[in-house]
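**Q** I am sharing target.txt, which consists of compact mmCIF, C-alpha atoms:
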```txt
# COMPACT_ATOMS: atom_id res chain seq x y z
CA MET C 1 313.52 223.15 44.99
CA ALA C 2 314.79 222.32 48.40
CA ARG C 3 311.28 222.36 49.79
CA ASN C 4 310.08 220.05 47.09
CA PHE C 5 312.94 217.73 47.77
CA CYS C 6 312.03 217.57 51.46
CA ASP C 7 308.46 216.84 50.60
CA VAL C 8 309.56 213.95 48.41
CA ARG C 9 311.77 212.56 51.19
CA LEU C 10 308.91 212.85 53.59
CA LEU C 11 306.66 211.02 51.25
CA LEU C 12 309.28 208.32 50.80
CA ILE C 13 309.62 207.92 54.52
CA VAL C 14 305.86 207.68 54.92
CA ALA C 15 305.68 205.14 52.06
CA ALA C 16 308.53 203.12 53.51
CA THR C 17 306.91 203.18 56.91
CA ALA C 18 303.65 202.04 55.40
CA PHE C 19 305.45 199.30 53.49
CA ILE C 20 307.24 198.10 56.55
CA PHE C 21 304.02 198.17 58.49
CA ILE C 22 302.27 196.17 55.80
CA GLN C 23 305.15 193.71 55.66
CA MET C 24 305.08 193.35 59.36
CA ARG C 25 301.35 192.76 59.27
CA LEU C 26 301.81 190.21 56.52
CA LEU C 27 304.53 188.50 58.55
CA ALA C 28 302.32 188.58 61.63
CA THR C 29 299.42 187.15 59.61
CA GLN C 30 301.65 184.45 58.13
CA SER C 31 302.95 183.64 61.58
CA GLU C 32 299.44 183.52 62.92
CA CYS C 33 298.37 181.28 60.04
CA ALA C 34 301.41 179.11 60.60
CA ASP C 35 300.55 178.89 64.30
CA ARG C 36 296.98 178.09 63.46
CA LEU C 37 298.09 175.48 60.95
CA ALA C 38 300.49 174.00 63.44
CA SER C 39 297.75 174.01 66.03
CA ALA C 40 295.40 172.32 63.61
CA VAL C 41 298.02 169.73 62.74
CA GLU C 42 298.64 169.15 66.42
CA SER C 43 294.93 168.90 67.06
CA GLU C 44 294.58 166.41 64.21
CA ARG C 45 297.51 164.47 65.53
CA GLN C 46 296.02 164.46 69.01
CA CYS C 47 292.66 163.47 67.57
CA THR C 48 294.24 160.65 65.59
CA SER C 49 296.16 159.55 68.65
CA GLN C 50 292.98 159.64 70.74
CA MET C 51 291.13 157.69 68.09
CA ARG C 52 293.88 155.13 67.95
CA SER C 53 293.90 154.94 71.74
CA LEU C 54 290.12 154.51 71.70
CA ILE C 55 290.37 151.85 69.02
CA ASP C 56 293.06 150.11 71.05
CA GLN C 57 290.85 150.26 74.14
CA ILE C 58 287.91 148.88 72.19
CA SER C 59 290.11 146.13 70.80
CA VAL C 60 291.34 145.30 74.29
CA GLN C 61 287.76 145.23 75.59
CA GLN C 62 286.69 143.04 72.70
CA GLY C 63 289.59 140.69 73.50
CA LYS C 64 288.47 140.63 77.13
CA ILE C 65 284.90 139.91 76.05
CA VAL C 66 286.07 137.07 73.83
CA ALA C 67 288.29 135.75 76.64
CA LEU C 68 285.39 135.97 79.08
CA GLU C 69 283.14 134.14 76.63
CA GLU C 70 285.77 131.41 76.20
CA GLU C 71 286.23 131.23 79.95
CA LYS C 72 282.47 130.95 80.45
CA LYS C 73 282.31 128.23 77.83
CA LEU C 74 285.10 126.35 79.57
CA GLN C 75 283.40 126.84 82.93
CA ASP C 76 280.12 125.58 81.50
CA GLU C 77 281.86 122.54 80.07
CA GLU C 78 283.69 121.95 83.33
CA PHE C 79 280.46 122.34 85.27
CA THR C 80 278.72 119.85 83.01
CA HIS C 81 281.63 117.41 83.42
CA LEU C 82 281.73 117.89 87.18
CA LYS C 83 277.98 117.44 87.40
CA ALA C 84 278.18 114.20 85.46
CA LEU C 85 281.11 113.09 87.62
CA VAL C 86 279.22 113.85 90.82
CA GLN C 87 276.19 112.01 89.53
CA ASP C 88 278.37 109.05 88.57
CA LEU C 89 280.09 109.08 91.95
CA GLU C 90 276.74 109.30 93.70
CA LYS C 91 275.50 106.41 91.60
CA LYS C 92 278.62 104.37 92.30
CA GLY C 93 278.47 105.28 95.95
CA LEU C 94 274.88 104.13 96.12
CA GLN C 95 275.71 100.98 94.18
CA SER C 96 278.65 100.34 96.47
CA LEU C 97 276.41 100.80 99.47
CA LEU C 98 273.88 98.43 97.95
CA ASN C 99 276.62 95.97 97.15
CA ASN C 100 277.83 96.12 100.72
CA LEU C 101 274.30 95.48 101.90
CA GLU C 102 273.75 92.66 99.40
CA VAL C 103 274.28 89.19 100.80
CA PRO C 104 276.21 87.00 98.34
CA VAL C 105 274.37 84.06 96.84
CA ALA C 106 277.50 81.93 97.02
CA ALA C 107 281.25 82.19 96.95
CA VAL C 108 282.83 80.59 93.89
CA VAL C 109 286.13 78.79 94.35
CA ILE C 110 288.34 77.37 91.62
CA MET C 111 290.46 74.52 92.96
CA ALA C 112 293.96 74.59 91.45
CA CYS C 113 297.31 72.88 91.85
CA ASN C 114 299.88 72.73 89.07
CA ARG C 115 298.19 73.54 85.73
CA PRO C 116 298.59 77.30 85.04
CA ASP C 117 297.35 77.07 81.44
CA TYR C 118 294.20 75.21 82.50
CA LEU C 119 293.66 77.67 85.34
CA GLN C 120 293.90 80.66 83.00
CA ARG C 121 291.28 79.19 80.67
CA THR C 122 288.95 78.47 83.58
CA ILE C 123 289.33 81.92 85.16
CA GLN C 124 288.71 83.65 81.84
CA SER C 125 285.58 81.58 81.26
CA VAL C 126 284.25 82.38 84.74
CA LEU C 127 285.03 86.11 84.57
CA LYS C 128 283.24 86.36 81.22
CA TYR C 129 279.95 85.90 83.08
CA GLN C 130 280.86 86.62 86.72
CA THR C 131 281.92 90.28 86.37
CA SER C 132 278.35 91.58 86.15
CA VAL C 133 277.29 89.60 89.26
CA ALA C 134 280.54 89.80 91.22
CA SER C 135 278.83 91.04 94.39
CA LYS C 136 276.54 88.00 94.35
CA PHE C 137 279.26 85.51 93.48
CA PRO C 138 282.69 86.61 94.83
CA LEU C 139 285.45 84.65 93.15
CA PHE C 140 288.33 82.80 94.81
CA VAL C 141 291.18 80.65 93.56
CA SER C 142 292.53 78.12 96.04
CA GLN C 143 295.91 76.68 95.15
CA ASP C 144 297.27 73.52 96.70
CA GLY C 145 301.05 73.69 96.93
CA THR C 146 303.74 76.08 95.76
CA ASN C 147 303.71 75.98 91.96
CA ARG C 148 304.96 79.48 91.11
CA ASP C 149 303.35 79.65 87.67
CA VAL C 150 299.93 78.82 89.11
CA LYS C 151 300.32 81.42 91.85
CA ASN C 152 301.42 84.11 89.40
CA MET C 153 298.57 83.24 87.07
CA ALA C 154 296.00 83.56 89.86
CA LEU C 155 297.50 86.82 91.16
CA SER C 156 297.47 88.33 87.66
CA PHE C 157 293.67 88.58 87.92
CA LYS C 158 292.63 91.43 90.20
CA GLN C 159 288.97 90.37 90.17
CA LEU C 160 289.53 87.40 92.49
CA THR C 161 290.90 86.52 95.92
CA TYR C 162 293.84 84.15 96.07
CA LEU C 163 294.10 81.42 98.72
CA GLN C 164 297.05 79.07 99.16
CA HIS C 165 296.99 75.72 100.94
CA LEU C 166 300.40 74.65 102.25
CA ASP C 167 300.50 71.26 103.94
CA PHE C 168 303.83 69.45 103.90
CA THR C 169 302.72 66.59 106.14
CA PRO C 170 303.78 63.29 104.55
CA VAL C 171 300.95 61.39 102.85
CA HIS C 172 300.45 57.73 103.75
CA THR C 173 298.13 55.85 101.43
CA GLU C 174 295.87 53.20 102.90
CA ARG C 175 296.36 50.70 100.06
CA PRO C 176 299.42 49.84 97.96
CA GLY C 177 299.57 51.44 94.55
CA GLU C 178 297.22 54.34 95.32
CA LEU C 179 297.96 57.76 93.91
CA ILE C 180 299.04 60.26 96.56
CA ALA C 181 297.27 62.97 94.53
CA TYR C 182 293.81 61.81 95.67
CA TYR C 183 294.86 62.24 99.31
CA LYS C 184 296.26 65.70 98.67
CA ILE C 185 293.11 66.71 96.81
CA ALA C 186 290.93 65.65 99.76
CA ARG C 187 293.10 67.66 102.18
CA HIS C 188 292.92 70.69 99.92
CA TYR C 189 289.13 70.52 99.59
CA LYS C 190 288.62 70.35 103.32
CA TRP C 191 290.99 73.26 103.96
CA ALA C 192 289.47 75.47 101.25
CA LEU C 193 285.87 74.81 102.29
CA ASP C 194 286.73 75.43 105.94
CA GLU C 195 288.29 78.75 104.89
CA LEU C 196 285.22 79.86 102.96
CA PHE C 197 282.51 78.59 105.30
CA ILE C 198 284.17 79.19 108.66
CA LYS C 199 286.72 81.99 108.21
CA HIS C 200 284.81 83.96 105.52
CA ASN C 201 281.38 82.88 106.78
CA PHE C 202 279.69 82.29 103.43
CA SER C 203 276.30 80.61 103.45
CA ARG C 204 276.91 78.69 100.24
CA VAL C 205 279.93 77.80 98.11
CA ILE C 206 280.17 76.72 94.47
CA ILE C 207 283.16 74.48 93.78
CA LEU C 208 284.82 74.46 90.36
CA GLU C 209 287.97 72.71 89.23
CA ASP C 210 290.77 74.29 87.22
CA ASP C 211 289.78 72.52 83.99
CA MET C 212 286.23 73.78 83.54
CA GLU C 213 284.37 76.27 81.39
CA ILE C 214 280.94 77.54 82.36
CA ALA C 215 277.73 78.24 80.44
CA PRO C 216 276.34 81.78 80.02
CA ASP C 217 273.49 81.08 82.47
CA PHE C 218 275.70 79.34 85.05
CA PHE C 219 275.21 82.00 87.73
CA ASP C 220 271.50 82.51 87.02
CA TYR C 221 271.03 78.75 87.37
CA PHE C 222 272.69 78.62 90.77
CA GLU C 223 270.90 81.74 91.99
CA ALA C 224 267.56 80.18 91.02
CA THR C 225 268.32 76.90 92.82
CA ALA C 226 269.92 78.41 95.94
CA SER C 227 266.59 78.82 97.73
CA ILE C 228 265.70 75.17 97.04
CA LEU C 229 269.02 74.05 98.50
CA GLU C 230 268.42 76.25 101.54
CA ASN C 231 264.79 75.31 102.18
CA ASP C 232 264.51 71.67 101.08
CA LYS C 233 266.43 69.55 103.57
CA THR C 234 266.12 66.51 101.28
CA ILE C 235 268.51 68.24 98.85
CA MET C 236 272.19 67.82 99.72
CA ALA C 237 273.73 69.80 96.86
CA VAL C 238 273.03 71.40 93.48
CA SER C 239 275.22 70.45 90.54
CA SER C 240 275.72 71.98 87.10
CA TRP C 241 276.72 68.60 85.66
CA ASN C 242 274.94 65.66 84.05
CA ASP C 243 277.06 62.50 83.68
CA ASN C 244 274.91 61.55 80.68
CA GLY C 245 275.01 65.07 79.27
CA GLN C 246 276.66 64.11 75.99
CA VAL C 247 275.25 65.92 72.98
CA GLN C 248 273.35 62.85 71.70
CA PHE C 249 271.59 62.32 75.05
CA VAL C 250 270.23 65.81 75.83
CA HIS C 251 267.60 68.10 74.37
CA ASP C 252 265.92 70.54 76.79
CA PRO C 253 268.10 73.17 78.54
CA LYS C 254 265.25 74.02 80.93
CA THR C 255 264.82 70.53 82.36
CA LEU C 256 266.16 69.78 85.84
CA TYR C 257 266.16 66.48 87.74
CA ARG C 258 266.69 65.14 91.21
CA SER C 259 269.19 62.29 91.52
CA ASP C 260 270.36 59.90 94.21
CA PHE C 261 273.86 60.00 92.70
CA PHE C 262 276.22 62.88 93.49
CA PRO C 263 277.37 64.39 90.15
CA GLY C 264 280.10 66.80 91.31
CA LEU C 265 281.96 68.80 88.64
CA GLY C 266 280.63 72.28 89.41
CA TRP C 267 278.41 72.01 92.49
CA MET C 268 277.01 74.13 95.29
CA LEU C 269 276.55 73.16 98.92
CA SER C 270 275.36 75.04 102.00
CA LYS C 271 277.11 75.82 105.25
CA SER C 272 274.78 73.53 107.21
CA ILE C 273 275.78 70.58 105.00
CA TRP C 274 279.47 71.47 105.34
CA ASP C 275 279.15 71.67 109.12
CA GLU C 276 277.99 68.07 108.92
CA LEU C 277 280.63 66.85 106.46
CA SER C 278 283.76 68.69 107.62
CA PRO C 279 284.41 66.80 110.88
CA LYS C 280 284.30 63.41 109.11
CA TRP C 281 285.83 64.41 105.75
CA PRO C 282 287.70 61.45 104.21
CA LYS C 283 291.43 61.13 103.63
CA ALA C 284 290.93 60.51 99.90
CA TYR C 285 288.31 59.98 97.18
CA TRP C 286 286.02 62.61 98.65
CA ASP C 287 283.53 62.50 95.74
CA ASP C 288 282.94 58.74 95.96
CA TRP C 289 282.66 59.16 99.73
CA ILE C 290 279.76 61.60 99.32
CA ARG C 291 278.10 58.98 97.05
CA LEU C 292 277.94 56.49 99.92
CA LYS C 293 274.41 55.99 101.23
CA GLU C 294 275.60 56.37 104.80
CA ILE C 295 276.86 59.88 103.93
CA HIS C 296 274.07 61.33 101.78
CA ARG C 297 271.42 59.46 103.84
CA GLU C 298 268.74 59.41 101.13
CA ARG C 299 269.20 63.08 100.40
CA GLN C 300 269.35 63.93 96.72
CA PHE C 301 271.08 66.21 94.25
CA ILE C 302 269.67 68.58 91.64
CA HIS C 303 271.27 68.52 88.20
CA PRO C 304 270.33 69.90 84.77
CA GLU C 305 269.68 67.85 81.66
CA VAL C 306 272.08 70.09 79.71
CA CYS C 307 275.34 70.75 81.53
CA ARG C 308 276.29 74.24 82.75
CA THR C 309 279.96 73.23 83.01
CA TYR C 310 282.30 71.64 80.52
CA ASN C 311 285.34 69.67 81.65
CA PHE C 312 288.24 70.08 79.22
CA GLY C 313 290.85 68.44 81.47
CA GLU C 314 292.13 65.52 79.49
CA HIS C 315 295.32 65.46 81.59
CA GLY C 316 295.11 65.37 85.37
CA SER C 317 294.96 63.13 88.43
CA SER C 318 292.49 60.77 86.75
CA MET C 319 294.88 60.40 83.79
CA GLY C 320 292.20 61.31 81.28
CA GLN C 321 289.93 58.51 82.49
CA TYR C 322 286.75 58.36 80.37
CA PHE C 323 287.64 61.70 78.73
CA LYS C 324 287.27 60.79 75.07
CA LYS C 325 284.11 58.75 75.55
CA TYR C 326 282.23 60.62 78.26
CA LEU C 327 283.67 64.11 78.84
CA GLU C 328 284.73 65.46 75.46
CA PRO C 329 281.23 64.99 73.88
CA ILE C 330 279.46 66.84 76.72
CA LYS C 331 277.03 69.52 75.53
CA LEU C 332 277.62 72.86 77.28
CA ASN C 333 274.44 74.89 77.33
CA ASP C 334 274.45 77.83 74.91
CA VAL C 335 270.73 78.70 75.06
CA HIS C 336 269.44 81.62 77.14
CA VAL C 337 267.18 80.45 79.95
CA ASP C 338 265.41 83.06 82.07
CA TRP C 339 265.71 81.25 85.37
CA LYS C 340 264.21 84.18 87.27
CA THR C 341 260.80 83.51 85.69
CA MET C 342 260.99 79.70 85.97
CA ASP C 343 258.76 77.93 88.49
CA LEU C 344 261.06 75.37 90.06
CA SER C 345 258.68 74.28 92.79
CA TYR C 346 258.31 70.92 90.97
CA LEU C 347 261.78 70.05 92.29
CA THR C 348 260.64 69.82 95.90
CA GLU C 349 260.55 66.23 97.19
CA ASP C 350 256.85 65.37 97.00
CA LYS C 351 256.15 67.30 93.81
CA PHE C 352 259.11 65.85 91.95
CA LEU C 353 258.16 62.28 92.87
CA ARG C 354 254.71 62.80 91.34
CA HIS C 355 256.16 64.74 88.39
CA PHE C 356 258.73 62.07 87.56
CA ALA C 357 256.32 59.18 88.12
CA LYS C 358 253.93 60.76 85.66
CA LEU C 359 256.68 61.02 83.02
CA VAL C 360 257.59 57.34 83.45
CA ALA C 361 253.93 56.27 83.44
CA HIS C 362 253.40 57.92 80.04
CA ALA C 363 256.35 56.06 78.51
CA LYS C 364 255.87 52.80 76.65
CA PRO C 365 257.65 49.61 77.77
CA VAL C 366 260.25 48.05 75.47
CA HIS C 367 261.40 44.43 75.93
CA GLY C 368 263.59 41.79 74.33
CA PRO C 369 266.53 42.08 71.95
CA ASP C 370 267.33 45.02 69.70
CA LEU C 371 266.40 47.50 72.42
CA ILE C 372 267.92 50.48 70.63
CA LEU C 373 265.98 49.85 67.42
CA LYS C 374 262.74 49.20 69.30
CA ALA C 375 263.16 52.32 71.43
CA HIS C 376 263.96 54.38 68.34
CA ASN C 377 260.81 53.14 66.58
CA THR C 378 258.58 53.72 69.61
CA ASP C 379 256.12 56.57 69.26
CA GLY C 380 256.96 58.75 72.25
CA ASP C 381 259.05 58.01 75.34
CA ALA C 382 260.09 54.45 76.19
CA TRP C 383 261.13 52.61 79.31
CA ILE C 384 263.29 49.53 79.63
CA GLN C 385 263.47 47.32 82.73
CA TYR C 386 266.81 46.09 84.02
CA LYS C 387 267.11 43.23 86.52
CA ASP C 388 270.37 44.06 88.32
CA GLN C 389 273.67 45.91 87.95
CA ALA C 390 275.06 43.50 85.35
CA ASP C 391 271.90 43.81 83.27
CA PHE C 392 271.99 47.61 83.58
CA GLU C 393 275.62 47.73 82.46
CA GLN C 394 274.82 45.60 79.42
CA ILE C 395 271.92 47.87 78.40
CA ALA C 396 273.88 51.07 79.14
CA ARG C 397 276.72 49.77 76.99
CA GLN C 398 274.34 49.37 74.04
CA PHE C 399 273.18 52.97 74.27
CA GLY C 400 276.58 54.39 75.18
CA ILE C 401 275.68 56.00 78.52
CA PHE C 402 277.66 55.69 81.77
CA GLU C 403 277.70 52.12 83.07
CA GLU C 404 279.18 52.94 86.49
CA TRP C 405 277.45 52.37 89.82
CA LYS C 406 278.48 53.55 93.29
CA ASP C 407 277.09 51.88 96.40
CA GLY C 408 274.20 50.31 94.47
CA ILE C 409 273.22 53.49 92.58
CA PRO C 410 273.76 54.04 88.83
CA ARG C 411 275.07 57.44 87.75
CA THR C 412 272.24 60.05 87.43
CA ALA C 413 269.63 57.59 88.80
CA TYR C 414 266.51 58.74 90.66
CA LYS C 415 264.71 55.91 92.47
CA GLY C 416 266.80 53.56 90.33
CA VAL C 417 265.66 55.19 87.06
CA VAL C 418 268.22 56.57 84.65
CA VAL C 419 266.75 58.93 82.05
CA PHE C 420 268.33 60.27 78.87
CA ARG C 421 267.34 61.34 75.36
CA HIS C 422 268.36 59.15 72.48
CA GLN C 423 269.17 61.16 69.34
CA THR C 424 265.70 62.76 69.47
CA SER C 425 263.65 64.69 72.02
CA ARG C 426 262.12 61.41 73.22
CA ARG C 427 263.22 60.10 76.60
CA ILE C 428 264.52 56.64 77.40
CA TYR C 429 264.03 55.45 80.99
CA LEU C 430 266.12 52.56 82.30
CA VAL C 431 263.97 51.33 85.17
CA GLY C 432 265.33 49.31 88.11
CA PRO C 433 263.71 46.27 89.66
CA ASP C 434 262.22 48.32 92.51
CA SER C 435 261.73 51.62 90.67
CA LEU C 436 258.04 51.27 89.81
CA LYS C 437 257.27 50.52 93.45
CA LEU C 438 259.34 53.48 94.64
CA LEU C 439 257.52 55.72 92.16
CA GLY C 440 254.11 54.42 93.22
CA LEU C 441 253.53 52.85 89.79
CA GLU C 442 253.74 49.18 90.68
CA HIS C 443 250.06 48.51 90.02
CA SER C 444 249.42 51.15 87.38
```
Taking this structure as input, can you express it in the form of structure tokens?
**A**
Amino acid sequence: MARNFCDVRLLLIVAATAFIFIQMRLLATQSECADRLASAVESERQCTSQMRSLIDQISVQQGKIVALEEEKKLQDEEFTHLKALVQDLEKKGLQSLLNNLEVPVAAVVIMACNRPDYLQRTIQSVLKYQTSVASKFPLFVSQDGTNRDVKNMALSFKQLTYLQHLDFTPVHTERPGELIAYYKIARHYKWALDELFIKHNFSRVIILEDDMEIAPDFFDYFEATASILENDKTIMAVSSWNDNGQVQFVHDPKTLYRSDFFPGLGWMLSKSIWDELSPKWPKAYWDDWIRLKEIHRERQFIHPEVCRTYNFGEHGSSMGQYFKKYLEPIKLNDVHVDWKTMDLSYLTEDKFLRHFAKLVAHAKPVHGPDLILKAHNTDGDAWIQYKDQADFEQIARQFGIFEEWKDGIPRTAYKGVVVFRHQTSRRIYLVGPDSLKLLGLEHS
């Protein structure tokens, strides 16, 4: 019994040992599995982390690529802008160089005194057409005196050069009752023209007053006639004005004439003429002085049929003289004329004499009373003879043209002939007692 009991205990021990061994193996296996699972989880975590890191890196790289693309786009745009800017600067630099090399056709000076509102209107009219040709026609305003509003008005325009004439010397008129203004104006003109011709050394100067507007082709007109003024010594000045330029008396904006009467009111003269006039410039009434035969010495003046200036100055030194009748109805040209293609050689002395004589020769003579009606009913141009100044004034009064003479010459006359249109395109010629002889038509 005891032996059997020992055997059973032995078997129990063996079984317990086996059980413990198996349990230990199971625990070891579970631990190993747990380690492997933990390792797998860690590996997955690391893998996920690496993937996220990779994704983040890719995202960062994509951001850099996008940023680089944007930067390149900006650089391309900047390059294009800089290229255009360089080209523009090169163009402007070349234009500036050309402008510096370009000799001006003429300086343009606006003569001013004490009318700031008039001056503003004139400057604005000039700049409307001068800006594109500023290098050819540099603009000046010359003020006589110290009117602050006029000075401020002139200085408010950066496109011009301001000049100021200050002369406080007392004015002594030569005749009782004369206006001092005419003496001051003469002083101012001499000073301003000396400044422009002598100090600034311009070859030609165009003189405007502070109550004028200009036509669109004003500068083209003066550029086209500058060479005639320079080369034809029988021409003393070129004017943009026709005294008989009222709307009912003009028709053709391309027609130009020579005249023995100085028109003024927007005119161009050369340095050589000024060198002659400056030393003997008058104390007053400078325009009537130029109209004296001893001053112009049979030299003539070019003027258009249709005015290139309009005088709006009803109030001024002349107190509105003739304004309503003669100045207000003036026709300012509004038709484009391509002066660059115009052949103006007919204006030279010999050619114009033949040209004008031919026009008069083709006109039909009108005599007797009712001259206006007869001229109106004439088929084509007509000419009317006048005997003397009184007869001319009577005929001019009938038609409504200027009656005035200066030193034996009617306004606008050439060889004593005054020409104008009368409500149609047909010309009327008022012919002086010696005109046909002067034109070589006495026996025709």
**Q** With distances taken over all atoms listed in the file, which residue among C:Arg397, C:Arg258, C:His376, C:Lys233 lies nearest Lys325 (chain C)?
**A**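 Closest residue, counting all atoms listed in the file: C:Arg397.
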**Q** Name all residues at most 7 Å from region 352-365 of chain C (count all atoms listed in the file; drop same-chain ones fewer than 3 positions away) and give them as a list of chain:residue names.
**A** C:Tyr346, C:Leu347, C:Thr348, C:Glu349, C:Gly380, C:Asp381, C:Ala382, C:Trp383, C:Ile384, C:Leu439
**Q** Residues at most 6 Å from region 198-210 of chain C, counting only C-alpha atoms, excluding those fewer than 2 positions away in the same chain, as a PyMOL selection string?
**A** chain C and resi 106-112+118-119+122+194-196+212+266-271
**Q** To one decimal place, how far is CA of Phe420 (chain C) from CA of Trp339 (chain C) in Å?
**A**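 CA of Trp339 (chain C) lies at a distance of 22.1 Å from CA of Phe420 (chain C).
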**Q** If you count only C-alpha atoms, which residues fall within 12 Å of Arg121 (chain C), apart from same-chain ones fewer than 6 positions away, as a list in words?
**A**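 The neighbour list is Ile110, Arg115, Leu127, Lys128, Met153, Ala154, Glu209, Asp210, Asp211, Met212, Glu213, Ile214, Tyr310, Asn311, Phe312 and Gly313 of chain C.
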**Q** Quick one, how far is CA of Val105 (chain C) from CA of Lys136 (chain C)?
**A**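 Calculated distance between CA of Val105 (chain C) and CA of Lys136 (chain C) is 5.1 Å.
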**Q** Write out as a ChimeraX atom specification the residues lying within 10 Å of region 326-336 of chain C, counting only C-alpha atoms and excluding same-chain residues fewer than 4 positions away.
**A** /C:213-218,241-254,304-314,320-322,400-402
**Q** Need the neighbours of (277.0, 60.8, 103.9): which residues are at most 10 Å away, counting all atoms listed in the file, as a PyMOL selection string?
**A** chain C and resi 236+273+276-277+280-281+289-299
**Q** I'd like to know which of C:Arg45, C:Tyr257, C:Ile180, C:Leu193 is closest to Lys351 (chain C), using only C-alpha atoms.
**A**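 Using only C-alpha atoms, the shortest distance to Lys351 (chain C) belongs to C:Tyr257.
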**Q** Could you list as a tab-separated table (two decimals) with C-alpha atoms, in the coordinates of the input every residue that has an atom within 12 Å of (308.6, 72.8, 89.6), using the file's coordinates and counting all atoms listed in the file?
**A**
```
chain	number	residue	atom	x	y	z
C	113	CYS	CA	297.31	72.88	91.85
C	114	ASN	CA	299.88	72.73	89.07
C	115	ARG	CA	298.19	73.54	85.73
C	116	PRO	CA	298.59	77.30	85.04
C	145	GLY	CA	301.05	73.69	96.93
C	146	THR	CA	303.74	76.08	95.76
C	147	ASN	CA	303.71	75.98	91.96
C	148	ARG	CA	304.96	79.48	91.11
C	149	ASP	CA	303.35	79.65	87.67
C	150	VAL	CA	299.93	78.82	89.11
```
**Q** Which residues are near Ala134 (chain C)? Cut-off 9 Å, only C-alpha atoms, ignore same chain within fewer than 5 positions. Put them as a list in words.
**A** Pro104, Leu127, Leu139 and Gln159 of chain C
**Q** Expressed in Å to a single decimal, how great is the separation between CA of Ala237 (chain C) and CA of Phe301 (chain C)?
**A**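 Taking CA of Ala237 (chain C) as the start and CA of Phe301 (chain C) as the end point, the length is 5.2 Å.
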**Q** Looking at only C-alpha atoms, which of C:Ala284, C:Ala396, C:Ala224, C:Val141 is the one that sits closest to Gln120 (chain C)?
**A** C:Val141
**Q** Rank C:Asp220, C:Glu102, C:Ser125, C:Phe137 by their smallest atom-to-atom distance to Thr341 (chain C), using only C-alpha atoms, and report the top residue only.
**A**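 Between C:Asp220, C:Glu102, C:Ser125, C:Phe137, the residue approaching Thr341 (chain C) most closely is C:Asp220.
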**Q** Could you tell me which of C:Ile395, C:Leu265, C:Ile228, C:Val418 comes closest to Leu344 (chain C) if we count only C-alpha atoms?
**A**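 Going through C:Ile395, C:Leu265, C:Ile228, C:Val418 one by one, the smallest distance to Leu344 (chain C) is for C:Ile228.
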**Q** Between C:Asp232, C:Leu179, C:Glu442, C:Glu174, which is the closest to Ser345 (chain C) once you count only C-alpha atoms?
**A**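 Smallest separation from Ser345 (chain C) among the options: C:Asp232.
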